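> entry24.cif (mmCIF, C-alpha atoms and all ligand atoms) pasted underneath:
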data_target
#
loop_
_atom_site.label_atom_id
_atom_site.label_comp_id
_atom_site.auth_asym_id
_atom_site.auth_seq_id
_atom_site.Cartn_x
_atom_site.Cartn_y
_atom_site.Cartn_z
CA MET A 1 -24.91 -182.24 29.24
CA SER A 2 -24.54 -178.48 29.30
CA LEU A 3 -24.52 -176.56 26.08
CA ILE A 4 -22.28 -173.53 25.90
CA LEU A 5 -22.65 -171.85 22.58
CA PRO A 6 -21.27 -168.58 21.38
CA LYS A 7 -24.11 -166.30 20.33
CA ARG A 8 -23.21 -165.64 16.75
CA ASN A 9 -24.99 -163.50 14.31
CA LEU A 10 -24.65 -164.16 10.66
CA SER A 11 -22.02 -161.63 9.83
CA ARG A 12 -21.17 -160.29 6.43
CA ARG A 13 -17.97 -162.32 6.68
CA THR A 14 -19.96 -165.49 7.29
CA LEU A 15 -22.23 -164.75 4.36
CA LEU A 16 -19.18 -164.28 2.18
CA GLN A 17 -17.81 -167.56 3.41
CA LEU A 18 -21.08 -169.23 2.52
CA SER A 19 -21.31 -167.62 -0.88
CA GLY A 20 -17.79 -168.82 -1.60
CA LEU A 21 -18.56 -172.33 -0.46
CA SER A 22 -21.80 -172.82 -2.28
CA GLY A 23 -20.92 -170.94 -5.40
CA VAL A 24 -23.84 -168.58 -4.91
CA SER A 25 -23.15 -164.90 -5.18
CA LEU A 26 -24.83 -162.67 -2.64
CA PHE A 27 -25.36 -158.97 -3.06
CA LEU A 28 -23.81 -157.21 -0.11
CA GLY A 29 -24.48 -153.49 -0.24
CA GLY A 30 -21.82 -151.07 0.98
CA CYS A 31 -19.12 -153.68 1.02
CA SER A 32 -15.81 -151.81 0.86
CA SER A 33 -13.05 -153.35 -1.17
CA SER A 34 -10.71 -153.49 1.85
CA LEU A 35 -13.32 -155.44 3.80
CA PHE A 36 -13.80 -157.66 0.80
CA SER A 37 -10.10 -158.42 0.40
CA SER A 38 -9.77 -159.14 4.12
CA THR A 39 -12.46 -161.80 3.80
CA VAL A 40 -11.00 -163.56 0.78
CA GLY A 41 -8.73 -165.61 3.01
CA GLN A 42 -11.80 -166.85 4.85
CA ILE A 43 -13.57 -167.84 1.64
CA SER A 44 -10.77 -170.18 0.68
CA GLU A 45 -11.03 -172.11 3.96
CA PRO A 46 -12.24 -175.45 2.58
CA LEU A 47 -14.82 -177.85 3.84
CA ASN A 48 -13.24 -181.06 4.99
CA GLN A 49 -12.36 -183.29 2.06
CA SER A 50 -14.94 -186.02 2.59
CA MET A 51 -17.67 -183.35 2.71
CA GLN A 52 -16.42 -181.79 -0.51
CA SER A 53 -16.50 -185.08 -2.38
CA LEU A 54 -19.96 -185.84 -0.99
CA LEU A 55 -21.29 -182.57 -2.36
CA LEU A 56 -19.87 -183.32 -5.80
CA THR A 57 -21.46 -186.74 -6.20
CA GLN A 58 -25.08 -185.84 -5.48
CA LYS A 59 -27.69 -185.85 -8.23
CA PRO A 60 -31.00 -184.02 -7.92
CA VAL A 61 -34.31 -185.91 -8.05
CA PRO A 62 -36.60 -184.71 -10.88
CA GLU A 63 -39.13 -182.17 -9.66
CA PHE A 64 -42.75 -181.45 -10.65
CA PRO A 65 -44.12 -178.31 -12.29
CA VAL A 66 -45.93 -175.83 -10.05
CA SER A 67 -49.18 -176.84 -11.81
CA ALA A 68 -48.85 -180.33 -10.28
CA ILE A 69 -49.10 -179.10 -6.66
CA GLU A 70 -51.91 -180.86 -4.74
CA PRO A 71 -52.81 -178.24 -2.13
CA ASP A 72 -55.37 -180.40 -0.29
CA SER A 73 -53.47 -183.68 -0.23
CA LEU A 74 -50.84 -182.99 2.43
CA LEU A 75 -52.49 -184.32 5.58
CA ILE A 76 -51.39 -183.07 8.97
CA ASN A 77 -49.54 -185.90 10.69
CA THR A 78 -48.44 -185.03 14.23
CA PHE A 79 -47.77 -187.79 16.75
CA ASP A 80 -48.68 -185.80 19.85
CA PHE A 81 -49.17 -182.04 20.10
CA THR A 82 -48.52 -178.94 18.00
CA PRO A 83 -45.94 -176.69 19.63
CA ASN A 84 -46.49 -172.97 19.21
CA ILE A 85 -43.08 -171.40 18.68
CA ASP A 86 -42.64 -167.63 18.76
CA PRO A 87 -40.74 -167.04 15.49
CA VAL A 88 -39.01 -163.96 16.98
CA GLN A 89 -37.71 -165.82 20.03
CA PHE A 90 -36.85 -168.89 17.95
CA ARG A 91 -33.20 -169.94 17.63
CA LEU A 92 -31.98 -172.84 15.52
CA ILE A 93 -29.02 -174.44 17.30
CA ILE A 94 -26.47 -176.17 15.06
CA ASP A 95 -23.76 -177.93 17.00
CA GLY A 96 -21.97 -181.22 17.64
CA GLU A 97 -18.98 -182.22 15.51
CA VAL A 98 -18.47 -178.76 14.04
CA ASN A 99 -15.84 -176.05 14.35
CA ASN A 100 -18.35 -173.19 14.37
CA PRO A 101 -21.46 -173.97 16.47
CA MET A 102 -24.23 -171.45 15.83
CA GLN A 103 -27.58 -170.21 16.97
CA LEU A 104 -29.51 -168.68 14.11
CA THR A 105 -32.64 -166.54 14.14
CA MET A 106 -35.25 -166.88 11.41
CA ALA A 107 -34.00 -163.51 10.09
CA ASP A 108 -30.49 -164.99 9.79
CA ILE A 109 -31.86 -168.04 8.00
CA GLN A 110 -33.96 -165.97 5.63
CA LYS A 111 -30.88 -164.00 4.55
CA LEU A 112 -29.46 -167.18 3.05
CA PRO A 113 -30.29 -168.22 -0.52
CA LEU A 114 -33.89 -169.42 -0.86
CA THR A 115 -34.45 -172.66 -2.76
CA SER A 116 -37.88 -173.75 -3.91
CA MET A 117 -38.83 -177.22 -5.12
CA VAL A 118 -41.99 -179.15 -6.02
CA ILE A 119 -41.70 -182.73 -4.81
CA ARG A 120 -43.85 -185.66 -3.67
CA HIS A 121 -44.23 -186.21 0.06
CA ILE A 122 -44.94 -189.86 0.87
CA CYS A 123 -46.25 -191.03 4.24
CA VAL A 124 -46.03 -194.73 5.08
CA GLU A 125 -49.57 -194.51 6.41
CA GLY A 126 -50.77 -194.65 2.82
CA TRP A 127 -51.05 -191.14 1.47
CA ALA A 128 -48.92 -188.82 -0.64
CA ALA A 129 -49.01 -185.23 -1.84
CA ILE A 130 -47.15 -183.09 -4.34
CA VAL A 131 -45.97 -180.06 -2.39
CA GLN A 132 -43.84 -177.00 -3.05
CA TRP A 133 -41.36 -176.27 -0.30
CA GLY A 134 -39.23 -173.15 0.04
CA GLY A 135 -36.31 -172.76 2.37
CA VAL A 136 -32.58 -172.90 2.87
CA ARG A 137 -30.50 -175.84 1.74
CA LEU A 138 -29.32 -177.79 4.76
CA ARG A 139 -25.93 -178.08 3.01
CA ASP A 140 -25.56 -174.29 3.26
CA LEU A 141 -26.18 -174.41 7.02
CA VAL A 142 -23.76 -177.32 7.35
CA ALA A 143 -21.12 -175.37 5.43
CA LEU A 144 -21.57 -172.39 7.76
CA VAL A 145 -20.81 -174.41 10.89
CA GLN A 146 -17.74 -176.06 9.31
CA PRO A 147 -18.22 -179.77 10.03
CA LYS A 148 -15.31 -181.75 11.40
CA SER A 149 -14.23 -184.77 9.37
CA SER A 150 -15.59 -186.94 12.20
CA ALA A 151 -19.20 -185.89 11.42
CA ARG A 152 -21.15 -188.76 9.82
CA TYR A 153 -24.76 -188.40 10.99
CA VAL A 154 -27.14 -185.58 11.79
CA TYR A 155 -29.71 -185.48 14.58
CA PHE A 156 -32.76 -183.26 14.37
CA LYS A 157 -34.52 -182.33 17.59
CA SER A 158 -38.05 -180.93 17.48
CA ALA A 159 -40.09 -178.83 19.87
CA ASP A 160 -42.78 -181.55 20.26
CA GLY A 161 -40.26 -184.14 21.48
CA TYR A 162 -39.89 -185.71 18.04
CA TYR A 163 -36.34 -186.62 17.06
CA GLU A 164 -34.74 -187.98 13.91
CA SER A 165 -31.33 -188.95 12.62
CA TRP A 166 -30.09 -188.88 9.04
CA ASP A 167 -26.92 -189.95 7.29
CA LEU A 168 -24.78 -186.93 6.41
CA ALA A 169 -24.93 -187.61 2.64
CA SER A 170 -28.75 -187.34 2.66
CA ALA A 171 -28.59 -184.26 4.88
CA VAL A 172 -26.35 -182.38 2.43
CA HIS A 173 -28.28 -183.52 -0.67
CA PRO A 174 -29.05 -180.44 -2.84
CA GLN A 175 -32.81 -180.95 -2.31
CA THR A 176 -32.73 -181.37 1.45
CA LEU A 177 -34.18 -178.11 2.72
CA MET A 178 -34.93 -176.52 6.05
CA ALA A 179 -38.24 -175.18 4.81
CA TYR A 180 -40.15 -172.12 5.98
CA GLN A 181 -42.59 -171.92 3.06
CA LYS A 182 -45.20 -174.34 1.71
CA ASN A 183 -46.90 -173.87 -1.68
CA GLY A 184 -45.58 -170.33 -1.90
CA GLN A 185 -46.92 -169.25 1.51
CA PRO A 186 -45.26 -168.99 4.92
CA LEU A 187 -45.24 -172.42 6.56
CA SER A 188 -48.22 -172.97 8.88
CA VAL A 189 -47.75 -174.05 12.47
CA ASP A 190 -49.43 -177.42 11.74
CA ASN A 191 -46.92 -178.06 8.96
CA GLY A 192 -43.94 -177.32 11.20
CA ALA A 193 -43.38 -173.54 11.44
CA PRO A 194 -41.05 -171.88 11.81
CA LEU A 195 -38.70 -174.49 10.31
CA ARG A 196 -39.00 -178.09 9.11
CA LEU A 197 -37.10 -180.62 7.05
CA ALA A 198 -38.28 -181.27 3.48
CA ALA A 199 -36.59 -183.57 0.96
CA PRO A 200 -37.65 -185.79 -1.98
CA ILE A 201 -35.22 -188.54 -0.94
CA LYS A 202 -36.81 -189.69 2.33
CA LEU A 203 -40.19 -190.87 3.61
CA GLY A 204 -42.49 -188.49 5.49
CA TYR A 205 -41.52 -189.61 8.98
CA LYS A 206 -37.91 -188.55 8.34
CA GLN A 207 -39.04 -184.96 7.69
CA SER A 208 -39.07 -183.41 11.12
CA LYS A 209 -41.33 -180.44 11.80
CA TRP A 210 -40.55 -177.68 14.38
CA VAL A 211 -36.80 -178.36 14.25
CA THR A 212 -34.95 -176.53 17.04
CA GLN A 213 -31.57 -178.27 16.98
CA ILE A 214 -29.39 -179.83 14.31
CA LYS A 215 -26.52 -181.81 15.78
CA LEU A 216 -23.74 -183.39 13.73
CA VAL A 217 -22.38 -186.55 15.34
CA SER A 218 -19.83 -189.24 14.55
CA ASN A 219 -22.01 -192.18 15.65
CA LEU A 220 -25.69 -192.98 15.99
CA SER A 221 -26.94 -193.47 19.53
CA PRO A 222 -29.47 -196.21 20.41
CA ALA A 223 -32.22 -193.58 20.02
CA LYS A 224 -32.36 -193.13 16.23
CA GLY A 225 -35.76 -191.59 15.67
CA TYR A 226 -39.24 -191.39 17.12
CA TRP A 227 -40.75 -193.95 14.72
CA GLU A 228 -37.52 -195.87 14.08
CA ASP A 229 -37.29 -196.69 17.78
CA GLN A 230 -40.73 -198.32 17.40
CA GLY A 231 -39.64 -200.47 14.47
CA TYR A 232 -39.69 -198.28 11.36
CA GLU A 233 -36.73 -198.57 9.04
CA TRP A 234 -33.96 -196.06 9.81
CA PHE A 235 -32.79 -194.97 6.33
CA GLY A 236 -36.34 -194.31 5.09
CA GLY A 237 -35.17 -193.66 1.55
CA LEU A 238 -37.37 -193.09 -1.49
N1 LIG B 1 -41.90 -182.92 14.94
C1 LIG B 1 -42.60 -183.78 14.20
N2 LIG B 1 -42.26 -183.94 12.91
C2 LIG B 1 -42.94 -184.80 12.14
C3 LIG B 1 -44.02 -185.57 12.65
C4 LIG B 1 -44.36 -185.36 14.01
O1 LIG B 1 -45.30 -185.98 14.55
N3 LIG B 1 -43.64 -184.46 14.75
N4 LIG B 1 -44.67 -186.46 11.81
C5 LIG B 1 -43.95 -186.92 10.62
C6 LIG B 1 -44.77 -187.63 9.64
S1 LIG B 1 -45.15 -189.27 9.91
C7 LIG B 1 -45.13 -187.05 8.44
S2 LIG B 1 -45.93 -187.91 7.21
C8 LIG B 1 -44.89 -185.62 8.19
C9 LIG B 1 -46.20 -184.91 7.94
O2 LIG B 1 -46.00 -183.54 7.69
P1 LIG B 1 -47.28 -182.60 7.65
O3 LIG B 1 -48.02 -182.77 8.96
O4 LIG B 1 -46.74 -181.23 7.43
O5 LIG B 1 -48.11 -183.10 6.49
O6 LIG B 1 -44.24 -184.97 9.29
C10 LIG B 1 -43.27 -185.76 9.92
N5 LIG B 1 -42.56 -184.92 10.84
MO MO B 2 -45.84 -190.09 7.87
#
Rewrite the coordinates I just gave you, this time as structure tokens.
Ligand SMILES: Nc1nc2c(c(=O)[nH]1)N[C@H]1C(S)=C(S)[C@@H](COP(=O)(O)O)O[C@H]1N2
Ligand SMILES: [Mo]


Amino acid sequence: MSLILPKRNLSRRTLLQLSGLSGVSLFLGGCSSSLFSSTVGQISEPLNQSMQSLLLTQKPVPEFPVSAIEPDSLLINTFDFTPNIDPVQFRLIIDGEVNNPMQLTMADIQKLPLTSMVIRHICVEGWAAIVQWGGVRLRDLVALVQPKSSARYVYFKSADGYYESWDLASAVHPQTLMAYQKNGQPLSVDNGAPLRLAAPIKLGYKQSKWVTQIKLVSNLSPAKGYWEDQGYEWFGGL
């Protein structure tokens, strides 16, 4: 399959669209009123209806205070090798069943609202850790690419060959982040830099590190996830 993607930068217009969609106001310096009024039409372009109702029904999981962080408890769990990604060259591809496929740089991603949360990471191998993650809400990225109503699942492809699939509802949960910080510091390479999944609603193996592509799809393929294809449960909910 050949991928032909427009090289888009996150424009001011796109940021305005996002701020309209997520209800977050962004400060945009030097924004003339004529530019602003010309973007208002874009802001009102809605997400598809099933996505909108999904976003409304989601309840956050209670979080922990910063004092509960267990800095030494998060073990490195990597099935094969640790890919070393140049954060400047890095592009996150978001494509599939979307109207606006995108390739985002880390600078683009870091312009979006930063969310921080302290949650428990649970690995089925018998360990857990309370961790603070900082990053962008996946729902904000999904809103930017304008999902088609046919989108029902999300695939995450990683630079080490790991792959995962999630249901769309879990992907757009308010605490599902594409994280680039851990415990208040930039994410380390071992923990998945430059960008990894982090969410309090799924087991550790669902939380892909070194994510390079997010693909919205209408159906799951036989390959559902690295561990799932060896017998682990697919939903992996907590
Ligand atoms: N790309 C990739 N992501 C991955 C893994 C992996 O091997 N490769 N391991 C998973 C498992 S089983 C767990 S428990 C967590 C561990 O994250 P950590 O190494 O940052 O503690 O990453 C998950 N994400
Ligand atoms: Mo794990």

> Kindly work out which residues sit at most 10 Å from ligand LIG 1 (chain B), using all atoms listed in the file, and give the list as a ChimeraX atom specification.

/A:73-83,121-129,131,156-164,182,187-193,196-198,203-212,226-227

> Figure out the distance between CA of Leu112 in chain A and CA of Arg91 in chain A, please, to one decimal in Å.

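Rounded to one decimal, the two atoms are 15.3 Å apart.
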
> Rounded to one decimal place, report the CA of Val142 in chain A-CA of Thr57 in chain A distance in Å.

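Calculated distance between CA of Val142 in chain A and CA of Thr57 in chain A is 16.7 Å.
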
> What's around Pro186 in chain A at 12 Å? Count only C-alpha atoms, leave out sequence neighbours fewer than 5 positions away in its own chain, and write the answer as a PyMOL selection string.

chain A and resi 87+110+132-135+179-181+191-196

> If you count all atoms listed in the file, which residues fall within 9 Å of Leu47 in chain A, apart from same-chain ones fewer than 2 positions away, as a PDB file with C-alpha atoms, keeping the file's coordinate frame?


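part_1.pdb, freshly written:
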ATOM      1  CA  LEU A  21     -18.560-172.330  -0.460  1.00  0.00           C
ATOM      2  CA  GLU A  45     -11.030-172.110   3.960  1.00  0.00           C
ATOM      3  CA  GLN A  49     -12.360-183.290   2.060  1.00  0.00           C
ATOM      4  CA  SER A  50     -14.940-186.020   2.590  1.00  0.00           C
ATOM      5  CA  MET A  51     -17.670-183.350   2.710  1.00  0.00           C
ATOM      6  CA  GLN A  52     -16.420-181.790  -0.510  1.00  0.00           C
ATOM      7  CA  ALA A 143     -21.120-175.370   5.430  1.00  0.00           C
ATOM      8  CA  GLN A 146     -17.740-176.060   9.310  1.00  0.00           C
ATOM      9  CA  PRO A 147     -18.220-179.770  10.030  1.00  0.00           C
ATOM     10  CA  LYS A 148     -15.310-181.750  11.400  1.00  0.00           C
ATOM     11  CA  SER A 149     -14.230-184.770   9.370  1.00  0.00           C
TER      12      SER A 149
END

> What's the separation between CA of Val217 in chain A and CA of Leu114 in chain A, in Å to one decimal place?

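CA of Leu114 in chain A lies at a distance of 26.2 Å from CA of Val217 in chain A.
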
> Using only C-alpha atoms, determine which residues lie at most 8 Å from Pro174 in chain A, disregarding the query and same-chain residues fewer than 4 positions distant; provide the list as a count of residues only.

5

> Can range 141-152 of chain A be brought up to all heavy atoms and written out as a tab-separated table (two decimals), in the coordinates of the input?


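What ended up in part-v2.tsv:
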chain	number	residue	atom	x	y	z
A	141	LEU	N	-26.32	-174.54	5.57
A	141	LEU	CA	-26.18	-174.41	7.02
A	141	LEU	C	-25.00	-175.24	7.52
A	141	LEU	O	-24.23	-174.80	8.37
A	141	LEU	CB	-27.47	-174.84	7.73
A	141	LEU	CG	-28.72	-174.00	7.43
A	141	LEU	CD1	-29.94	-174.59	8.12
A	141	LEU	CD2	-28.51	-172.55	7.88
A	142	VAL	N	-24.87	-176.44	6.96
A	142	VAL	CA	-23.76	-177.32	7.35
A	142	VAL	C	-22.42	-176.67	6.99
A	142	VAL	O	-21.47	-176.70	7.78
A	142	VAL	CB	-23.92	-178.72	6.70
A	142	VAL	CG1	-22.65	-179.54	6.84
A	142	VAL	CG2	-25.10	-179.46	7.34
A	143	ALA	N	-22.36	-176.04	5.83
A	143	ALA	CA	-21.12	-175.37	5.43
A	143	ALA	C	-20.78	-174.23	6.39
A	143	ALA	O	-19.61	-174.01	6.71
A	143	ALA	CB	-21.24	-174.85	4.00
A	144	LEU	N	-21.80	-173.51	6.84
A	144	LEU	CA	-21.57	-172.39	7.76
A	144	LEU	C	-20.92	-172.83	9.07
A	144	LEU	O	-20.08	-172.13	9.61
A	144	LEU	CB	-22.91	-171.72	8.11
A	144	LEU	CG	-23.46	-170.68	7.18
A	144	LEU	CD1	-24.80	-170.20	7.72
A	144	LEU	CD2	-22.50	-169.52	7.05
A	145	VAL	N	-21.33	-173.98	9.59
A	145	VAL	CA	-20.81	-174.41	10.89
A	145	VAL	C	-19.50	-175.19	10.77
A	145	VAL	O	-18.92	-175.56	11.77
A	145	VAL	CB	-21.84	-175.24	11.69
A	145	VAL	CG1	-23.06	-174.39	12.03
A	145	VAL	CG2	-22.26	-176.51	10.96
A	146	GLN	N	-19.04	-175.40	9.54
A	146	GLN	CA	-17.74	-176.06	9.31
A	146	GLN	C	-17.65	-177.43	10.01
A	146	GLN	O	-17.05	-177.55	11.08
A	146	GLN	CB	-16.61	-175.15	9.80
A	146	GLN	CG	-16.41	-173.91	8.93
A	146	GLN	CD	-15.65	-174.23	7.65
A	146	GLN	OE1	-14.60	-174.85	7.67
A	146	GLN	NE2	-16.20	-173.83	6.52
A	147	PRO	N	-18.24	-178.45	9.41
A	147	PRO	CA	-18.22	-179.77	10.03
A	147	PRO	C	-16.80	-180.31	10.17
A	147	PRO	O	-15.95	-180.08	9.32
A	147	PRO	CB	-19.03	-180.64	9.05
A	147	PRO	CG	-19.03	-179.90	7.77
A	147	PRO	CD	-18.95	-178.45	8.11
A	148	LYS	N	-16.57	-181.03	11.26
A	148	LYS	CA	-15.31	-181.75	11.40
A	148	LYS	C	-15.38	-183.01	10.54
A	148	LYS	O	-16.47	-183.49	10.21
A	148	LYS	CB	-15.10	-182.13	12.87
A	148	LYS	CG	-14.96	-180.92	13.78
A	148	LYS	CD	-14.70	-181.33	15.21
A	148	LYS	CE	-14.55	-180.09	16.08
A	148	LYS	NZ	-14.51	-180.40	17.52
A	149	SER	N	-14.22	-183.57	10.22
A	149	SER	CA	-14.23	-184.77	9.37
A	149	SER	C	-14.83	-185.97	10.10
A	149	SER	O	-15.20	-186.97	9.48
A	149	SER	CB	-12.82	-185.08	8.86
A	149	SER	OG	-11.95	-185.13	9.95
A	150	SER	N	-14.98	-185.86	11.42
A	150	SER	CA	-15.59	-186.94	12.20
A	150	SER	C	-17.12	-186.98	12.06
A	150	SER	O	-17.76	-187.95	12.46
A	150	SER	CB	-15.23	-186.77	13.67
A	150	SER	OG	-15.52	-185.44	14.08
A	151	ALA	N	-17.74	-185.95	11.50
A	151	ALA	CA	-19.20	-185.89	11.42
A	151	ALA	C	-19.71	-186.88	10.37
A	151	ALA	O	-19.28	-186.85	9.22
A	151	ALA	CB	-19.65	-184.47	11.06
A	152	ARG	N	-20.62	-187.77	10.77
A	152	ARG	CA	-21.15	-188.76	9.82
A	152	ARG	C	-22.67	-188.83	9.82
A	152	ARG	O	-23.27	-189.35	8.88
A	152	ARG	CB	-20.57	-190.14	10.14
A	152	ARG	CG	-19.09	-190.27	9.77
A	152	ARG	CD	-18.48	-191.53	10.33
A	152	ARG	NE	-19.15	-192.72	9.84
A	152	ARG	CZ	-19.32	-193.83	10.56
A	152	ARG	NH1	-18.87	-193.90	11.80
A	152	ARG	NH2	-19.93	-194.88	10.04
